[in-house]
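Raw contents of run-v4.txt, compact mmCIF, C-alpha atoms:
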```
# COMPACT_ATOMS: atom_id res chain seq x y z
CA MET A 1 -15.46 8.11 21.33
CA SER A 2 -14.19 11.64 20.72
CA ILE A 3 -11.84 10.38 18.02
CA ILE A 4 -14.73 8.81 16.14
CA THR A 5 -16.62 12.10 16.28
CA ILE A 6 -13.68 14.06 14.94
CA GLU A 7 -13.20 11.55 12.13
CA ARG A 8 -16.90 11.78 11.26
CA LYS A 9 -16.74 15.58 11.18
CA LEU A 10 -13.68 15.46 8.93
CA LEU A 11 -15.49 13.09 6.58
CA GLU A 12 -18.62 15.25 6.58
CA LYS A 13 -16.57 18.31 5.67
CA ASN A 14 -14.80 16.29 2.98
CA ASP A 15 -18.08 15.03 1.56
CA ALA A 16 -19.49 18.56 1.33
CA VAL A 17 -16.49 19.70 -0.74
CA ALA A 18 -16.69 16.49 -2.80
CA ARG A 19 -20.27 17.43 -3.73
CA GLU A 20 -19.04 20.85 -4.89
CA ASN A 21 -16.32 19.17 -6.98
CA ARG A 22 -18.88 16.77 -8.47
CA ASP A 23 -21.20 19.67 -9.36
CA LEU A 24 -18.35 21.61 -10.96
CA LEU A 25 -17.22 18.58 -13.00
CA GLY A 26 -20.84 17.84 -13.97
CA ARG A 27 -21.42 21.40 -15.21
CA HIS A 28 -18.42 21.02 -17.54
CA GLY A 29 -19.36 17.50 -18.63
CA VAL A 30 -16.12 16.04 -17.28
CA PHE A 31 -16.08 12.32 -16.45
CA ALA A 32 -13.73 11.94 -13.45
CA LEU A 33 -12.04 8.79 -12.17
CA ASN A 34 -10.32 8.26 -8.83
CA LEU A 35 -7.53 5.75 -9.51
CA VAL A 36 -6.52 3.85 -6.35
CA SER A 37 -4.17 0.96 -5.57
CA SER A 38 -1.28 -0.29 -3.44
CA PRO A 39 2.05 1.42 -4.09
CA GLY A 40 3.60 -0.09 -7.18
CA ALA A 41 0.49 -1.74 -8.66
CA GLY A 42 1.13 0.24 -11.82
CA LYS A 43 -1.27 3.20 -11.70
CA THR A 44 1.16 5.62 -13.34
CA SER A 45 2.22 3.16 -16.04
CA LEU A 46 -1.44 2.43 -16.78
CA LEU A 47 -2.09 6.16 -16.93
CA GLU A 48 0.79 6.62 -19.40
CA ARG A 49 -0.50 3.79 -21.62
CA THR A 50 -4.01 5.27 -21.42
CA LEU A 51 -2.87 8.77 -22.38
CA GLU A 52 -0.88 7.34 -25.28
CA HIS A 53 -3.87 5.33 -26.51
CA LEU A 54 -6.40 8.17 -26.11
CA ARG A 55 -4.19 10.81 -27.74
CA GLY A 56 -6.13 12.67 -30.44
CA THR A 57 -9.50 11.19 -29.41
CA ILE A 58 -10.82 12.85 -26.24
CA PRO A 59 -9.22 15.68 -24.23
CA VAL A 60 -7.87 14.40 -20.90
CA ALA A 61 -6.48 16.07 -17.77
CA VAL A 62 -4.65 14.48 -14.86
CA ILE A 63 -4.31 15.19 -11.14
CA GLU A 64 -1.38 13.36 -9.56
CA GLY A 65 -1.42 12.66 -5.82
CA ASP A 66 1.83 11.71 -4.11
CA VAL A 67 3.22 11.70 -0.60
CA GLN A 68 6.45 13.19 -1.89
CA THR A 69 8.07 14.15 -5.24
CA ASP A 70 6.53 15.19 -8.55
CA LEU A 71 8.04 12.23 -10.43
CA ASP A 72 4.60 11.06 -11.59
CA ALA A 73 3.49 14.46 -12.93
CA GLN A 74 6.77 14.62 -14.86
CA ARG A 75 6.01 11.23 -16.42
CA VAL A 76 2.46 12.29 -17.32
CA ALA A 77 3.38 15.76 -18.63
CA ARG A 78 5.31 14.14 -21.50
CA TYR A 79 1.95 13.23 -23.04
CA GLY A 80 0.98 16.89 -23.45
CA VAL A 81 -2.07 16.86 -21.18
CA PRO A 82 -2.84 19.36 -18.39
CA ALA A 83 -1.35 17.78 -15.24
CA VAL A 84 -1.42 19.06 -11.66
CA GLN A 85 0.70 17.49 -8.94
CA ILE A 86 -0.59 17.39 -5.36
CA ILE A 87 2.12 16.55 -2.82
CA THR A 88 0.53 15.53 0.47
CA ARG A 89 3.82 15.76 2.47
CA GLY A 90 3.20 12.57 4.38
CA GLY A 91 -0.59 12.52 4.04
CA CYS A 92 -1.84 9.04 3.20
CA HIS A 93 -4.68 9.92 0.81
CA LEU A 94 -6.11 12.74 -1.29
CA ASP A 95 -9.16 14.58 -0.01
CA ALA A 96 -11.80 16.71 -1.68
CA PRO A 97 -10.35 20.13 -0.67
CA LEU A 98 -6.96 19.20 -2.19
CA VAL A 99 -8.70 18.19 -5.42
CA ARG A 100 -10.79 21.39 -5.39
CA ASP A 101 -7.57 23.42 -5.29
CA ALA A 102 -6.07 21.38 -8.13
CA LEU A 103 -9.24 21.77 -10.24
CA ALA A 104 -8.76 25.54 -10.14
CA SER A 105 -5.63 25.09 -12.31
CA ILE A 106 -7.29 22.92 -14.97
CA PRO A 107 -9.14 24.38 -18.00
CA LEU A 108 -12.22 22.24 -17.39
CA ALA A 109 -14.22 23.66 -20.30
CA GLY A 110 -12.03 21.82 -22.80
CA ILE A 111 -11.76 18.52 -20.88
CA ARG A 112 -13.91 15.38 -21.16
CA LEU A 113 -11.97 12.96 -18.96
CA LEU A 114 -10.18 13.68 -15.68
CA ILE A 115 -8.04 10.98 -14.11
CA ILE A 116 -7.07 11.55 -10.48
CA GLU A 117 -4.23 9.28 -9.43
CA ASN A 118 -4.48 8.87 -5.68
CA VAL A 119 -1.65 8.15 -3.22
CA GLY A 120 -0.59 4.48 -3.34
CA ASN A 121 -2.53 3.08 -0.39
CA LEU A 122 -5.12 0.33 -0.34
CA VAL A 123 -6.67 1.44 2.96
CA CYS A 124 -7.09 5.17 3.62
CA PRO A 125 -8.28 6.54 0.24
CA SER A 126 -11.33 4.24 0.34
CA ASN A 127 -13.22 6.55 2.73
CA TYR A 128 -12.56 9.82 0.91
CA ASP A 129 -14.93 10.92 -1.83
CA LEU A 130 -13.12 13.38 -4.12
CA GLY A 131 -16.15 14.17 -6.27
CA GLU A 132 -15.29 11.53 -8.86
CA ALA A 133 -17.82 9.63 -10.96
CA MET A 134 -16.28 6.36 -9.80
CA LYS A 135 -13.30 4.76 -8.12
CA VAL A 136 -11.12 2.46 -10.21
CA VAL A 137 -8.98 0.06 -8.18
CA VAL A 138 -5.84 -1.33 -9.80
CA ALA A 139 -4.59 -4.65 -8.40
CA SER A 140 -1.39 -6.19 -9.68
CA THR A 141 -1.18 -9.95 -10.20
CA THR A 142 2.08 -9.91 -8.23
CA GLU A 143 0.33 -8.75 -5.04
CA GLY A 144 -1.37 -12.11 -4.59
CA ASP A 145 -4.99 -13.03 -5.17
CA ASP A 146 -6.16 -12.52 -1.56
CA LYS A 147 -6.02 -8.70 -1.54
CA PRO A 148 -9.79 -8.10 -2.04
CA LEU A 149 -10.49 -10.22 1.06
CA LYS A 150 -7.82 -8.50 3.12
CA TYR A 151 -8.62 -4.91 2.03
CA PRO A 152 -12.36 -5.18 1.32
CA ALA A 153 -13.37 -1.52 1.73
CA MET A 154 -11.48 -0.41 -1.35
CA PHE A 155 -12.97 -3.15 -3.52
CA ARG A 156 -16.45 -2.50 -2.11
CA ASN A 157 -16.25 1.23 -2.88
CA ALA A 158 -14.81 0.84 -6.38
CA SER A 159 -16.87 0.44 -9.55
CA VAL A 160 -14.07 -0.91 -11.74
CA LEU A 161 -11.23 -3.36 -11.05
CA ILE A 162 -8.18 -3.42 -13.31
CA ILE A 163 -6.05 -6.53 -12.88
CA ASN A 164 -2.65 -5.31 -14.03
CA LYS A 165 0.70 -6.98 -14.85
CA ILE A 166 -1.00 -10.01 -16.41
CA ASP A 167 2.21 -10.62 -18.40
CA LEU A 168 3.79 -11.88 -15.14
CA VAL A 169 1.11 -14.54 -14.48
CA PRO A 170 3.25 -17.44 -15.84
CA TYR A 171 5.86 -16.74 -13.15
CA LEU A 172 3.49 -16.43 -10.17
CA ASN A 173 1.59 -18.77 -7.86
CA SER A 174 -1.40 -16.43 -7.69
CA LYS A 175 -4.10 -16.54 -10.36
CA PRO A 176 -6.02 -13.59 -11.85
CA GLU A 177 -9.21 -15.73 -11.90
CA THR A 178 -8.95 -16.17 -8.12
CA LEU A 179 -8.26 -12.47 -7.63
CA LYS A 180 -11.31 -11.65 -9.76
CA ALA A 181 -13.51 -14.18 -7.93
CA ASN A 182 -12.41 -12.79 -4.55
CA ALA A 183 -13.13 -9.23 -5.71
CA LEU A 184 -16.59 -10.18 -7.02
CA GLN A 185 -17.33 -11.89 -3.70
CA ILE A 186 -16.76 -8.50 -2.00
CA ASN A 187 -18.49 -6.48 -4.73
CA PRO A 188 -20.54 -8.43 -7.31
CA SER A 189 -21.13 -5.34 -9.49
CA LEU A 190 -17.42 -4.65 -10.18
CA LEU A 191 -16.59 -4.23 -13.85
CA THR A 192 -13.19 -5.85 -14.51
CA PHE A 193 -10.41 -5.41 -17.05
CA GLU A 194 -7.12 -7.29 -17.36
CA THR A 195 -4.12 -5.29 -18.56
CA SER A 196 -0.37 -5.34 -19.04
CA CYS A 197 1.49 -2.08 -19.48
CA THR A 198 4.52 -4.06 -20.67
CA THR A 199 2.81 -5.90 -23.55
CA GLY A 200 -0.14 -3.50 -24.00
CA ALA A 201 -2.67 -6.32 -23.50
CA GLY A 202 -6.13 -5.08 -22.55
CA ILE A 203 -5.30 -1.38 -22.95
CA ALA A 204 -7.55 -0.97 -26.02
CA GLU A 205 -10.58 -2.51 -24.25
CA TRP A 206 -10.05 -0.31 -21.20
CA CYS A 207 -9.63 2.83 -23.32
CA ASP A 208 -12.66 2.02 -25.48
CA TRP A 209 -14.75 1.78 -22.33
CA LEU A 210 -13.25 5.04 -21.02
CA ARG A 211 -14.03 6.81 -24.28
CA ARG A 212 -17.65 5.66 -24.17
CA GLN A 213 -18.02 6.94 -20.57
CA ALA A 214 -16.42 10.28 -21.39
CA SER A 215 -18.31 11.01 -24.61
CA PRO A 216 -21.17 13.47 -24.44
CA PRO A 217 -24.60 11.72 -24.37
CA SER A 218 -25.45 13.13 -27.81
CA ALA A 219 -22.42 11.47 -29.44
CA MET B 1 -4.16 23.56 13.68
CA SER B 2 -6.42 21.65 16.06
CA ILE B 3 -6.08 18.52 13.93
CA ILE B 4 -2.31 18.67 14.22
CA THR B 5 -2.61 18.98 17.99
CA ILE B 6 -4.88 15.96 18.21
CA GLU B 7 -2.56 13.94 16.00
CA ARG B 8 0.41 14.92 18.18
CA LYS B 9 -1.46 13.87 21.33
CA LEU B 10 -2.37 10.55 19.76
CA LEU B 11 1.27 9.97 18.84
CA GLU B 12 2.44 10.96 22.32
CA LYS B 13 0.03 8.49 23.88
CA ASN B 14 1.14 5.84 21.42
CA ASP B 15 4.82 6.49 22.16
CA ALA B 16 4.24 6.14 25.91
CA VAL B 17 2.67 2.71 25.44
CA ALA B 18 5.42 1.79 22.94
CA ARG B 19 7.99 2.47 25.68
CA GLU B 20 6.08 0.11 28.01
CA ASN B 21 6.07 -2.55 25.30
CA ARG B 22 9.80 -2.06 24.71
CA ASP B 23 10.51 -2.37 28.44
CA LEU B 24 8.42 -5.54 28.69
CA LEU B 25 10.14 -7.10 25.66
CA GLY B 26 13.55 -6.04 27.01
CA ARG B 27 12.92 -7.63 30.40
CA HIS B 28 12.20 -10.95 28.66
CA GLY B 29 15.11 -10.64 26.24
CA VAL B 30 12.80 -10.68 23.20
CA PHE B 31 14.11 -9.13 19.95
CA ALA B 32 11.06 -7.61 18.21
CA LEU B 33 10.70 -6.62 14.56
CA ASN B 34 7.98 -4.47 12.99
CA LEU B 35 7.56 -5.80 9.45
CA VAL B 36 6.11 -3.17 7.10
CA SER B 37 5.41 -2.94 3.35
CA SER B 38 2.84 -2.23 0.65
CA PRO B 39 0.01 -4.75 0.40
CA GLY B 40 1.27 -7.77 -1.51
CA ALA B 41 5.02 -7.16 -1.18
CA GLY B 42 5.27 -10.62 0.37
CA LYS B 43 5.50 -10.03 4.14
CA THR B 44 3.49 -13.15 5.03
CA SER B 45 5.32 -15.39 2.55
CA LEU B 46 8.64 -14.11 3.91
CA LEU B 47 7.40 -14.79 7.42
CA GLU B 48 6.45 -18.36 6.47
CA ARG B 49 9.87 -18.98 4.89
CA THR B 50 11.53 -17.47 7.97
CA LEU B 51 9.56 -19.64 10.42
CA GLU B 52 10.36 -22.72 8.32
CA HIS B 53 14.06 -21.89 8.27
CA LEU B 54 14.29 -21.00 11.98
CA ARG B 55 12.33 -24.04 13.16
CA GLY B 56 14.23 -25.83 15.94
CA THR B 57 16.79 -23.03 16.39
CA ILE B 58 15.27 -20.08 18.31
CA PRO B 59 11.74 -19.77 19.72
CA VAL B 60 9.65 -17.31 17.71
CA ALA B 61 6.23 -15.69 18.20
CA VAL B 62 4.17 -13.71 15.69
CA ILE B 63 1.65 -10.88 15.88
CA GLU B 64 -0.37 -10.49 12.68
CA GLY B 65 -1.98 -7.15 11.87
CA ASP B 66 -4.71 -7.02 9.26
CA VAL B 67 -7.52 -4.70 8.30
CA GLN B 68 -9.84 -7.67 7.95
CA THR B 69 -9.70 -11.51 8.13
CA ASP B 70 -7.37 -13.83 10.04
CA LEU B 71 -6.03 -15.47 6.85
CA ASP B 72 -2.44 -14.55 7.74
CA ALA B 73 -2.57 -15.91 11.30
CA GLN B 74 -3.96 -19.17 9.84
CA ARG B 75 -0.98 -19.36 7.46
CA VAL B 76 1.49 -18.68 10.27
CA ALA B 77 -0.13 -21.02 12.83
CA ARG B 78 0.78 -24.00 10.64
CA TYR B 79 4.40 -23.52 11.73
CA GLY B 80 3.55 -24.24 15.35
CA VAL B 81 4.53 -20.85 16.78
CA PRO B 82 2.41 -18.69 19.12
CA ALA B 83 0.48 -16.35 16.79
CA VAL B 84 -1.96 -13.58 17.70
CA GLN B 85 -4.14 -11.91 15.07
CA ILE B 86 -5.05 -8.24 15.44
CA ILE B 87 -7.90 -7.18 13.13
CA THR B 88 -8.02 -3.39 12.88
CA ARG B 89 -11.50 -3.31 11.24
CA GLY B 90 -10.54 -0.67 8.71
CA GLY B 91 -7.66 0.87 10.68
CA CYS B 92 -4.67 1.54 8.44
CA HIS B 93 -1.83 0.67 10.84
CA LEU B 94 -1.07 -1.08 14.12
CA ASP B 95 -0.47 1.03 17.20
CA ALA B 96 1.27 0.36 20.49
CA PRO B 97 -1.91 -0.26 22.57
CA LEU B 98 -3.07 -2.94 20.10
CA VAL B 99 0.33 -4.61 20.36
CA ARG B 100 0.27 -4.34 24.18
CA ASP B 101 -3.02 -6.26 24.21
CA ALA B 102 -1.61 -8.90 21.86
CA LEU B 103 1.54 -9.28 24.00
CA ALA B 104 -0.67 -10.29 26.94
CA SER B 105 -1.53 -13.51 25.06
CA ILE B 106 2.07 -14.49 24.26
CA PRO B 107 4.27 -16.53 26.67
CA LEU B 108 7.16 -14.06 26.43
CA ALA B 109 9.42 -15.90 28.88
CA GLY B 110 10.06 -18.64 26.32
CA ILE B 111 10.44 -16.39 23.26
CA ARG B 112 13.59 -14.87 21.73
CA LEU B 113 12.22 -13.37 18.51
CA LEU B 114 8.89 -11.59 17.97
CA ILE B 115 7.85 -10.66 14.45
CA ILE B 116 4.98 -8.15 14.20
CA GLU B 117 3.51 -8.10 10.70
CA ASN B 118 1.92 -4.69 10.24
CA VAL B 119 -1.03 -3.79 7.99
CA GLY B 120 0.02 -3.56 4.33
CA ASN B 121 0.52 0.19 3.96
CA LEU B 122 3.64 2.10 2.99
CA VAL B 123 2.48 5.38 4.53
CA CYS B 124 0.65 5.29 7.87
CA PRO B 125 2.61 2.66 9.89
CA SER B 126 5.80 4.72 9.52
CA ASN B 127 4.78 7.12 12.34
CA TYR B 128 3.71 4.51 14.89
CA ASP B 129 6.31 3.06 17.22
CA LEU B 130 5.04 -0.31 18.51
CA GLY B 131 7.94 -0.88 20.91
CA GLU B 132 9.95 -2.88 18.38
CA ALA B 133 13.75 -3.03 18.23
CA MET B 134 13.61 -2.03 14.57
CA LYS B 135 11.37 -1.65 11.54
CA VAL B 136 12.03 -3.92 8.58
CA VAL B 137 10.60 -2.67 5.29
CA VAL B 138 9.89 -5.21 2.57
CA ALA B 139 9.85 -3.87 -1.00
CA SER B 140 8.99 -6.13 -3.90
CA THR B 141 10.92 -5.81 -7.17
CA THR B 142 7.56 -5.69 -8.98
CA GLU B 143 6.58 -2.42 -7.27
CA GLY B 144 9.13 -0.45 -9.28
CA ASP B 145 12.44 0.99 -8.13
CA ASP B 146 11.14 4.49 -7.30
CA LYS B 147 9.22 3.56 -4.13
CA PRO B 148 11.85 4.79 -1.62
CA LEU B 149 11.73 8.25 -3.26
CA LYS B 150 7.93 8.33 -3.33
CA TYR B 151 7.37 6.96 0.20
CA PRO B 152 10.50 8.20 1.98
CA ALA B 153 9.26 8.21 5.60
CA MET B 154 9.02 4.44 5.75
CA PHE B 155 12.51 3.91 4.34
CA ARG B 156 13.92 6.62 6.63
CA ASN B 157 12.39 5.02 9.75
CA ALA B 158 13.40 1.45 8.89
CA SER B 159 16.70 -0.17 9.84
CA VAL B 160 16.51 -3.05 7.37
CA LEU B 161 15.31 -3.26 3.75
CA ILE B 162 14.39 -6.61 2.25
CA ILE B 163 14.13 -6.55 -1.54
CA ASN B 164 11.75 -9.43 -2.21
CA LYS B 165 10.61 -11.34 -5.33
CA ILE B 166 14.06 -11.16 -6.90
CA ASP B 167 13.12 -14.24 -8.99
CA LEU B 168 10.91 -11.94 -11.10
CA VAL B 169 13.72 -9.50 -11.99
CA PRO B 170 14.30 -10.99 -15.48
CA TYR B 171 10.71 -10.11 -16.44
CA LEU B 172 10.69 -6.52 -15.12
CA ASN B 173 11.92 -3.13 -16.27
CA SER B 174 12.84 -2.09 -12.73
CA LYS B 175 16.20 -3.05 -11.24
CA PRO B 176 16.93 -4.08 -7.61
CA GLU B 177 20.22 -2.11 -7.76
CA THR B 178 18.27 1.07 -8.53
CA LEU B 179 15.76 0.31 -5.78
CA LYS B 180 18.64 -0.22 -3.34
CA ALA B 181 20.45 2.95 -4.46
CA ASN B 182 17.24 4.98 -4.08
CA ALA B 183 16.67 3.53 -0.60
CA LEU B 184 20.24 4.28 0.49
CA GLN B 185 19.85 7.82 -0.78
CA ILE B 186 16.94 8.23 1.68
CA ASN B 187 18.62 6.28 4.49
CA PRO B 188 22.36 5.50 4.08
CA SER B 189 22.43 3.23 7.15
CA LEU B 190 19.85 0.71 5.84
CA LEU B 191 20.99 -2.89 6.01
CA THR B 192 19.71 -4.69 2.89
CA PHE B 193 18.86 -8.27 1.97
CA GLU B 194 17.59 -9.69 -1.32
CA THR B 195 15.15 -12.58 -1.13
CA SER B 196 12.78 -14.76 -3.11
CA CYS B 197 10.14 -16.76 -1.28
CA THR B 198 9.56 -18.78 -4.47
CA THR B 199 13.14 -19.99 -4.96
CA GLY B 200 14.32 -19.51 -1.35
CA ALA B 201 17.19 -17.24 -2.44
CA GLY B 202 18.56 -15.06 0.35
CA ILE B 203 16.41 -16.64 3.09
CA ALA B 204 19.42 -18.28 4.81
CA GLU B 205 21.37 -14.98 4.99
CA TRP B 206 18.35 -13.15 6.37
CA CYS B 207 17.67 -15.88 8.96
CA ASP B 208 21.33 -16.07 9.98
CA TRP B 209 21.26 -12.35 10.69
CA LEU B 210 17.97 -12.70 12.60
CA ARG B 211 19.37 -15.51 14.71
CA ARG B 212 22.43 -13.44 15.62
CA GLN B 213 20.20 -10.50 16.66
CA ALA B 214 17.91 -12.71 18.72
CA SER B 215 20.57 -14.74 20.50
CA PRO B 216 21.34 -13.84 24.10
CA PRO B 217 24.54 -11.74 24.43
CA SER B 218 26.32 -14.58 26.23
CA ALA B 219 25.81 -17.00 23.33
```

Represent the structure of the file as structure tokens.
Amino acid sequence: MSIITIERKLLEKNDAVARENRDLLGRHGVFALNLVSSPGAGKTSLLERTLEHLRGTIPVAVIEGDVQTDLDAQRVARYGVPAVQIITRGGCHLDAPLVRDALASIPLAGIRLLIIENVGNLVCPSNYDLGEAMKVVVASTTEGDDKPLKYPAMFRNASVLIINKIDLVPYLNSKPETLKANALQINPSLLTFETSCTTGAGIAEWCDWLRRQASPPSA
Amino acid sequence: MSIITIERKLLEKNDAVARENRDLLGRHGVFALNLVSSPGAGKTSLLERTLEHLRGTIPVAVIEGDVQTDLDAQRVARYGVPAVQIITRGGCHLDAPLVRDALASIPLAGIRLLIIENVGNLVCPSNYDLGEAMKVVVASTTEGDDKPLKYPAMFRNASVLIINKIDLVPYLNSKPETLKANALQINPSLLTFETSCTTGAGIAEWCDWLRRQASPPSA
């Protein structure tokens, strides 16, 4: 019982800071995404493709969350966007205070879109509000089509599902239609995209949607 | 500081129960593996292939750990082995007390090999000893070859690495040799296997090794 109480208190403290982050982002008109997935679903590759596609259209910033190493921030920095690396040193998810600290290093006034790449983990990040506008869950076709049923919290708490690595579908037993149907069974309001970072399929549709979300209402 | 203390106490309690589990398994001569990976790396498919290959040789039992659903235990039960499903209801890893409860339902006297399939999570299960003889980490070729560097604790705490889905290598940018080199950089004593549950490649080598580990010393 005491463990549950502690966990609840931790979440309450997190949620309070998440509200501050959301207010701060709102004041600057920044649309913020919390990108979540299993390790290796392709979040960083998708981020690279997205930065490449959006270059010269809307100003983007990135917060990278990793258990260890700044490999991802190095990959992202090549696209010339403000990028902050959070290393959790074993921690299994980002939380709102970590993101608050990272936000202090980002020139928010000039930014329209903030992408926060969470630690690769399909369980723990689902409970932690970072102050984002929405969670985007990336699921790779290679992970099998049963993942939404087996890890429902993440799919329930996300607003967008990106089915990635669709170029590998011909070589797999799992089907993206089944993955999508399973995800919609958990969360009927999920918006879905299908992408391949190898062929570039679906990247334009995803980026067009992103650009619409991140444009000021008057545009 | 208080959070760290609580976490340490939790781990100490877990480790005490893990020792009880290890003693119990030792008394019955059961060789126990803790199978860990990202969601969708192919743990359950590998388990199915393993049960198929070992059928009629050594008696095996399975403990399935999942956040939600008993889909995996259903898959495993078709192979006619004792299988117990643990549903963590949102919990991100198995712990020793959960495994102790599951062990109570398994006829250990007749078993030589116990495979515990952990929750799909490359971070949290690394700290929790379940009483196993060793951790086996499964990494899929599709996850990219940088995972050992980004999630080092799991590769450091494992004794065996199985590089799975090698049939997909021709369609990927990542290389199993790089994955293996990165893993050995983290943990030079890792024993490695390469498998495909689609083609069956490497399954015989893996099962031969398993059978040798699980055979009584006199055999």

Show me which bits of chain B are within 9 Å of chain A, counting all atoms listed in the file, as a PyMOL selection string. chain B and resi 3+6+38-42+66-71+90-92+120-124+140+142-147+149-153+167-168+171-173+198

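Neighbouring residues of A:Asp208 at 12 Å or closer, counting only C-alpha atoms and skipping chain neighbours under 3 positions away, are Thr50, His53, Leu54, Thr57, Ile58, Phe193, Gly202, Ile203, Ala204, Glu205, Arg211, Arg212, Gln213, Ala214 and Ser215 of chain A.
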
Å distance separating atom CA of B:Leu113 from atom CA of B:Ala32, one decimal place: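 Between these atoms lies a distance of 5.9 Å.
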
Can you tell me which residues surround A:Asn14 at a distance of at most 10 Å, considering all atoms listed in the file, apart from same-chain residues fewer than 2 positions away, and format the answer as a short mmCIF file (atom, residue, chain, number, x, y, z; two decimals) with C-alpha atoms, in the frame of the given file?
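Heads up, here's the output in result.cif:
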```cif
data_model
loop_
_atom_site.label_atom_id
_atom_site.label_comp_id
_atom_site.auth_asym_id
_atom_site.auth_seq_id
_atom_site.Cartn_x
_atom_site.Cartn_y
_atom_site.Cartn_z
CA ARG A 8 -16.90 11.78 11.26
CA LYS A 9 -16.74 15.58 11.18
CA LEU A 10 -13.68 15.46 8.93
CA LEU A 11 -15.49 13.09 6.58
CA GLU A 12 -18.62 15.25 6.58
CA ALA A 16 -19.49 18.56 1.33
CA VAL A 17 -16.49 19.70 -0.74
CA ALA A 18 -16.69 16.49 -2.80
CA ARG A 19 -20.27 17.43 -3.73
CA ASP A 95 -9.16 14.58 -0.01
CA ALA A 96 -11.80 16.71 -1.68
CA PRO A 97 -10.35 20.13 -0.67
CA LEU A 98 -6.96 19.20 -2.19
CA ASN A 127 -13.22 6.55 2.73
CA TYR A 128 -12.56 9.82 0.91
CA ASP A 129 -14.93 10.92 -1.83
CA LEU A 130 -13.12 13.38 -4.12
CA GLY A 131 -16.15 14.17 -6.27
#
```

Can you measure atom CA of A:Gln74 to atom CA of A:Leu47 for me? One decimal in Å is fine.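 According to the coordinates, atom CA of A:Gln74 and atom CA of A:Leu47 are separated by 12.4 Å.
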
Please supply stretch 36-47 of chain B, rebuilt with N, CA, C and O atoms, as a PDB file, in the coordinates of the input.
```pdb
ATOM      1  N   VAL B  36       7.001  -4.090   7.818  1.00  0.00           N
ATOM      2  CA  VAL B  36       6.110  -3.170   7.100  1.00  0.00           C
ATOM      3  C   VAL B  36       6.340  -3.252   5.593  1.00  0.00           C
ATOM      4  O   VAL B  36       7.444  -3.583   5.141  1.00  0.00           O
ATOM      5  N   SER B  37       5.302  -2.951   4.821  1.00  0.00           N
ATOM      6  CA  SER B  37       5.410  -2.940   3.350  1.00  0.00           C
ATOM      7  C   SER B  37       4.087  -2.520   2.741  1.00  0.00           C
ATOM      8  O   SER B  37       3.080  -2.404   3.440  1.00  0.00           O
ATOM      9  N   SER B  38       4.081  -2.338   1.418  1.00  0.00           N
ATOM     10  CA  SER B  38       2.840  -2.230   0.650  1.00  0.00           C
ATOM     11  C   SER B  38       2.058  -3.532   0.768  1.00  0.00           C
ATOM     12  O   SER B  38       2.654  -4.576   1.021  1.00  0.00           O
ATOM     13  N   PRO B  39       0.743  -3.478   0.514  1.00  0.00           N
ATOM     14  CA  PRO B  39       0.010  -4.750   0.400  1.00  0.00           C
ATOM     15  C   PRO B  39       0.628  -5.591  -0.719  1.00  0.00           C
ATOM     16  O   PRO B  39       0.936  -5.079  -1.792  1.00  0.00           O
ATOM     17  N   GLY B  40       0.821  -6.862  -0.454  1.00  0.00           N
ATOM     18  CA  GLY B  40       1.270  -7.770  -1.510  1.00  0.00           C
ATOM     19  C   GLY B  40       2.753  -7.768  -1.803  1.00  0.00           C
ATOM     20  O   GLY B  40       3.193  -8.369  -2.784  1.00  0.00           O
ATOM     21  N   ALA B  41       3.567  -7.134  -0.960  1.00  0.00           N
ATOM     22  CA  ALA B  41       5.020  -7.160  -1.180  1.00  0.00           C
ATOM     23  C   ALA B  41       5.609  -8.509  -0.761  1.00  0.00           C
ATOM     24  O   ALA B  41       6.746  -8.825  -1.129  1.00  0.00           O
ATOM     25  N   GLY B  42       4.826  -9.272   0.002  1.00  0.00           N
ATOM     26  CA  GLY B  42       5.270 -10.620   0.370  1.00  0.00           C
ATOM     27  C   GLY B  42       5.677 -10.779   1.827  1.00  0.00           C
ATOM     28  O   GLY B  42       6.424 -11.700   2.151  1.00  0.00           O
ATOM     29  N   LYS B  43       5.153  -9.928   2.716  1.00  0.00           N
ATOM     30  CA  LYS B  43       5.500 -10.030   4.140  1.00  0.00           C
ATOM     31  C   LYS B  43       5.144 -11.413   4.702  1.00  0.00           C
ATOM     32  O   LYS B  43       5.948 -12.019   5.401  1.00  0.00           O
ATOM     33  N   THR B  44       3.930 -11.885   4.417  1.00  0.00           N
ATOM     34  CA  THR B  44       3.490 -13.150   5.030  1.00  0.00           C
ATOM     35  C   THR B  44       4.257 -14.329   4.450  1.00  0.00           C
ATOM     36  O   THR B  44       4.650 -15.240   5.181  1.00  0.00           O
ATOM     37  N   SER B  45       4.519 -14.307   3.156  1.00  0.00           N
ATOM     38  CA  SER B  45       5.320 -15.390   2.550  1.00  0.00           C
ATOM     39  C   SER B  45       6.728 -15.388   3.138  1.00  0.00           C
ATOM     40  O   SER B  45       7.291 -16.455   3.426  1.00  0.00           O
ATOM     41  N   LEU B  46       7.303 -14.204   3.315  1.00  0.00           N
ATOM     42  CA  LEU B  46       8.640 -14.110   3.910  1.00  0.00           C
ATOM     43  C   LEU B  46       8.622 -14.636   5.342  1.00  0.00           C
ATOM     44  O   LEU B  46       9.536 -15.353   5.771  1.00  0.00           O
ATOM     45  N   LEU B  47       7.560 -14.318   6.047  1.00  0.00           N
ATOM     46  CA  LEU B  47       7.400 -14.790   7.420  1.00  0.00           C
ATOM     47  C   LEU B  47       7.320 -16.318   7.443  1.00  0.00           C
ATOM     48  O   LEU B  47       7.972 -16.984   8.267  1.00  0.00           O
TER      49      LEU B  47
END
```
